Amino acid sequence: MVERRDVTARLSQLVMTVDEYERLMTEALPHLLNHATTQTRRFLRETGQWGDDVCHEKLALRWGYELVERFLMYGRTEIPCRPLFFLDSLIAKYFSQPEPFCYDKELLSPLGRFLEGLTSRAVISRDALMALFYHLYGFGQSQVAKVLGLGTTETQRVYKNFERWRRSGWQRAVDEVGITREDLMEIESHKRRYPDQFHAEADRLSRIVQAHYRKSEPEHFPCLSRQQWSHLFKEGYGYDYRVWHLALCRDCLSEVCDVHQDDSQDVLTPQLDLRIRPLLNGRLVESYHSVDH
Ligand SMILES: [Zn+2]
């Protein structure tokens, strides 16, 4: 508690040098994030846009991140400054825009929440991460293995991921963001009735969500060039990086599919083809048995 007060107090004092600023930032990030998130929550409440559920919490957290990111980008150029005051002025400026959340509000639609649910789960669960390849692009087990350059043992692990996901993971991810049966039916009916519009919307929203969650794992965040991807596959390293980054970055996934294309007949396209529910009964089990026996 003493430490916390100490950091908060220092954030309100004048910082004179870049060194001092950098040192303070390494300690103070959680406080800044907390502060920005609290302010966002307050703004949403005061403007009648708040709802007491996990989606609004996530929205507040996402904007908290976003605001701290801006702060980190510009803070250094403001020295000497009082960091907390500078953050507050950024926040005030941001919320005084005519429609600060208009873009993000679409993420509160059933489709947006569905994508958010899948992706936020993927950050903490390997099953959900693997399942993204299926839900976003319709890739089955063998296609995932090919894209990621996996061997037999690892491929079987993917199957186990898919299987657990099918049994319980998907339901959990959907429940976590409060998606109801009616929401699912609404998404499915939208997909059935207006497929083009549905996929354009899913494409746009999933890019926003992916970009956000990619940042939660800084080590696996940067995109690689085509040459770097090619090298990584040829030399057989960076397994975690491949899985994590490719599940969350459409552009790199395209590059990688192109790289594989060069040495194979089969065409893989990472075109968004959103699947709402996990694989149909039996399909995956069948392909597993044919691989295994
Ligand atoms: Zn990338």
# chains A, B, ... in the order shown; residues from 1 in each chain; ligands from 1
$ closest_atom_pairs --of "chain A" --to "ligand 1" --cutoff "12 Å" --atoms "only C-alpha atoms and all ligand atoms" --output "JSON lines"
{"residue": "A:Arg207", "atom": "CA", "partner": "ligand 1", "partner_atom_place_in_ligand_line": "1 (Zn)", "distance": 11.4}
{"residue": "A:Gln210", "atom": "CA", "partner": "ligand 1", "partner_atom_place_in_ligand_line": "1 (Zn)", "distance": 10.1}
{"residue": "A:Ala211", "atom": "CA", "partner": "ligand 1", "partner_atom_place_in_ligand_line": "1 (Zn)", "distance": 9.3}
{"residue": "A:Arg214", "atom": "CA", "partner": "ligand 1", "partner_atom_place_in_ligand_line": "1 (Zn)", "distance": 8.8}
{"residue": "A:Lys215", "atom": "CA", "partner": "ligand 1", "partner_atom_place_in_ligand_line": "1 (Zn)", "distance": 11.0}
{"residue": "A:His220", "atom": "CA", "partner": "ligand 1", "partner_atom_place_in_ligand_line": "1 (Zn)", "distance": 9.1}
{"residue": "A:Phe221", "atom": "CA", "partner": "ligand 1", "partner_atom_place_in_ligand_line": "1 (Zn)", "distance": 7.3}
{"residue": "A:Pro222", "atom": "CA", "partner": "ligand 1", "partner_atom_place_in_ligand_line": "1 (Zn)", "distance": 6.3}
{"residue": "A:Cys223", "atom": "CA", "partner": "ligand 1", "partner_atom_place_in_ligand_line": "1 (Zn)", "distance": 3.6}
{"residue": "A:Leu224", "atom": "CA", "partner": "ligand 1", "partner_atom_place_in_ligand_line": "1 (Zn)", "distance": 6.2}
{"residue": "A:Ser225", "atom": "CA", "partner": "ligand 1", "partner_atom_place_in_ligand_line": "1 (Zn)", "distance": 8.5}
{"residue": "A:Arg226", "atom": "CA", "partner": "ligand 1", "partner_atom_place_in_ligand_line": "1 (Zn)", "distance": 10.3}
{"residue": "A:Gln228", "atom": "CA", "partner": "ligand 1", "partner_atom_place_in_ligand_line": "1 (Zn)", "distance": 11.4}
{"residue": "A:Trp229", "atom": "CA", "partner": "ligand 1", "partner_atom_place_in_ligand_line": "1 (Zn)", "distance": 10.1}
{"residue": "A:Tyr241", "atom": "CA", "partner": "ligand 1", "partner_atom_place_in_ligand_line": "1 (Zn)", "distance": 10.4}
{"residue": "A:Arg242", "atom": "CA", "partner": "ligand 1", "partner_atom_place_in_ligand_line": "1 (Zn)", "distance": 9.8}
{"residue": "A:Val243", "atom": "CA", "partner": "ligand 1", "partner_atom_place_in_ligand_line": "1 (Zn)", "distance": 11.4}
{"residue": "A:Trp244", "atom": "CA", "partner": "ligand 1", "partner_atom_place_in_ligand_line": "1 (Zn)", "distance": 10.0}
{"residue": "A:His245", "atom": "CA", "partner": "ligand 1", "partner_atom_place_in_ligand_line": "1 (Zn)", "distance": 6.3}
{"residue": "A:Leu246", "atom": "CA", "partner": "ligand 1", "partner_atom_place_in_ligand_line": "1 (Zn)", "distance": 6.8}
{"residue": "A:Ala247", "atom": "CA", "partner": "ligand 1", "partner_atom_place_in_ligand_line": "1 (Zn)", "distance": 9.4}
{"residue": "A:Leu248", "atom": "CA", "partner": "ligand 1", "partner_atom_place_in_ligand_line": "1 (Zn)", "distance": 7.6}
{"residue": "A:Cys249", "atom": "CA", "partner": "ligand 1", "partner_atom_place_in_ligand_line": "1 (Zn)", "distance": 4.6}
{"residue": "A:Arg250", "atom": "CA", "partner": "ligand 1", "partner_atom_place_in_ligand_line": "1 (Zn)", "distance": 6.8}
{"residue": "A:Asp251", "atom": "CA", "partner": "ligand 1", "partner_atom_place_in_ligand_line": "1 (Zn)", "distance": 5.6}
{"residue": "A:Cys252", "atom": "CA", "partner": "ligand 1", "partner_atom_place_in_ligand_line": "1 (Zn)", "distance": 4.2}
{"residue": "A:Leu253", "atom": "CA", "partner": "ligand 1", "partner_atom_place_in_ligand_line": "1 (Zn)", "distance": 7.2}
{"residue": "A:Ser254", "atom": "CA", "partner": "ligand 1", "partner_atom_place_in_ligand_line": "1 (Zn)", "distance": 9.3}
{"residue": "A:Glu255", "atom": "CA", "partner": "ligand 1", "partner_atom_place_in_ligand_line": "1 (Zn)", "distance": 8.9}
{"residue": "A:Val256", "atom": "CA", "partner": "ligand 1", "partner_atom_place_in_ligand_line": "1 (Zn)", "distance": 9.9}
$ select_by_dssp --residues "stretch 32-131 of chain A" --states "helix (DSSP H, G or I)" --output "PyMOL selection string"
chain A and resi 32-46+54-78+83-95+102-108+110-124+126-131
$ residues_around --residues "A:Arg41" --least-positions-apart "2" --cutoff "12 Å" --atoms "only C-alpha atoms" --output "list in words"
Asn34, His35, Ala36, Thr37, Thr38, Gln39, Phe43, Leu44, Arg45, Glu46, Thr47, Gly48, Gln49, Trp50, Gly51, Asp52, Asp53, Cys55, His56, Glu57, Lys58, Leu59, Ala60, Leu61, Arg62, Trp63, Gly64, Ile91 and Phe95 of chain A
$ residues_around --residues "A:Leu274" --least-positions-apart "3" --cutoff "7 Å" --atoms "only C-alpha atoms" --output "PyMOL selection string"
chain A and resi 135-137
$ write_last_selection --atoms "N, CA and C atoms" --output "PDB file, in the first residue's frame"
ATOM      1  N   HIS A 135     -12.347 -21.628 -36.544  1.00  0.00           N
ATOM      2  CA  HIS A 135     -13.487 -20.708 -36.517  1.00  0.00           C
ATOM      3  C   HIS A 135     -13.335 -19.558 -37.509  1.00  0.00           C
ATOM      4  N   LEU A 136     -12.122 -19.092 -37.703  1.00  0.00           N
ATOM      5  CA  LEU A 136     -11.942 -17.958 -38.612  1.00  0.00           C
ATOM      6  C   LEU A 136     -11.802 -18.378 -40.071  1.00  0.00           C
ATOM      7  N   TYR A 137     -11.095 -19.480 -40.306  1.00  0.00           N
ATOM      8  CA  TYR A 137     -10.784 -19.829 -41.705  1.00  0.00           C
ATOM      9  C   TYR A 137     -11.304 -21.189 -42.126  1.00  0.00           C
TER      10      TYR A 137
END
$ closest_residue --among "A:Asp262, A:Glu27, A:Glu78, A:Glu116" --to "A:Gly178" --atoms "only C-alpha atoms"
A:Glu116
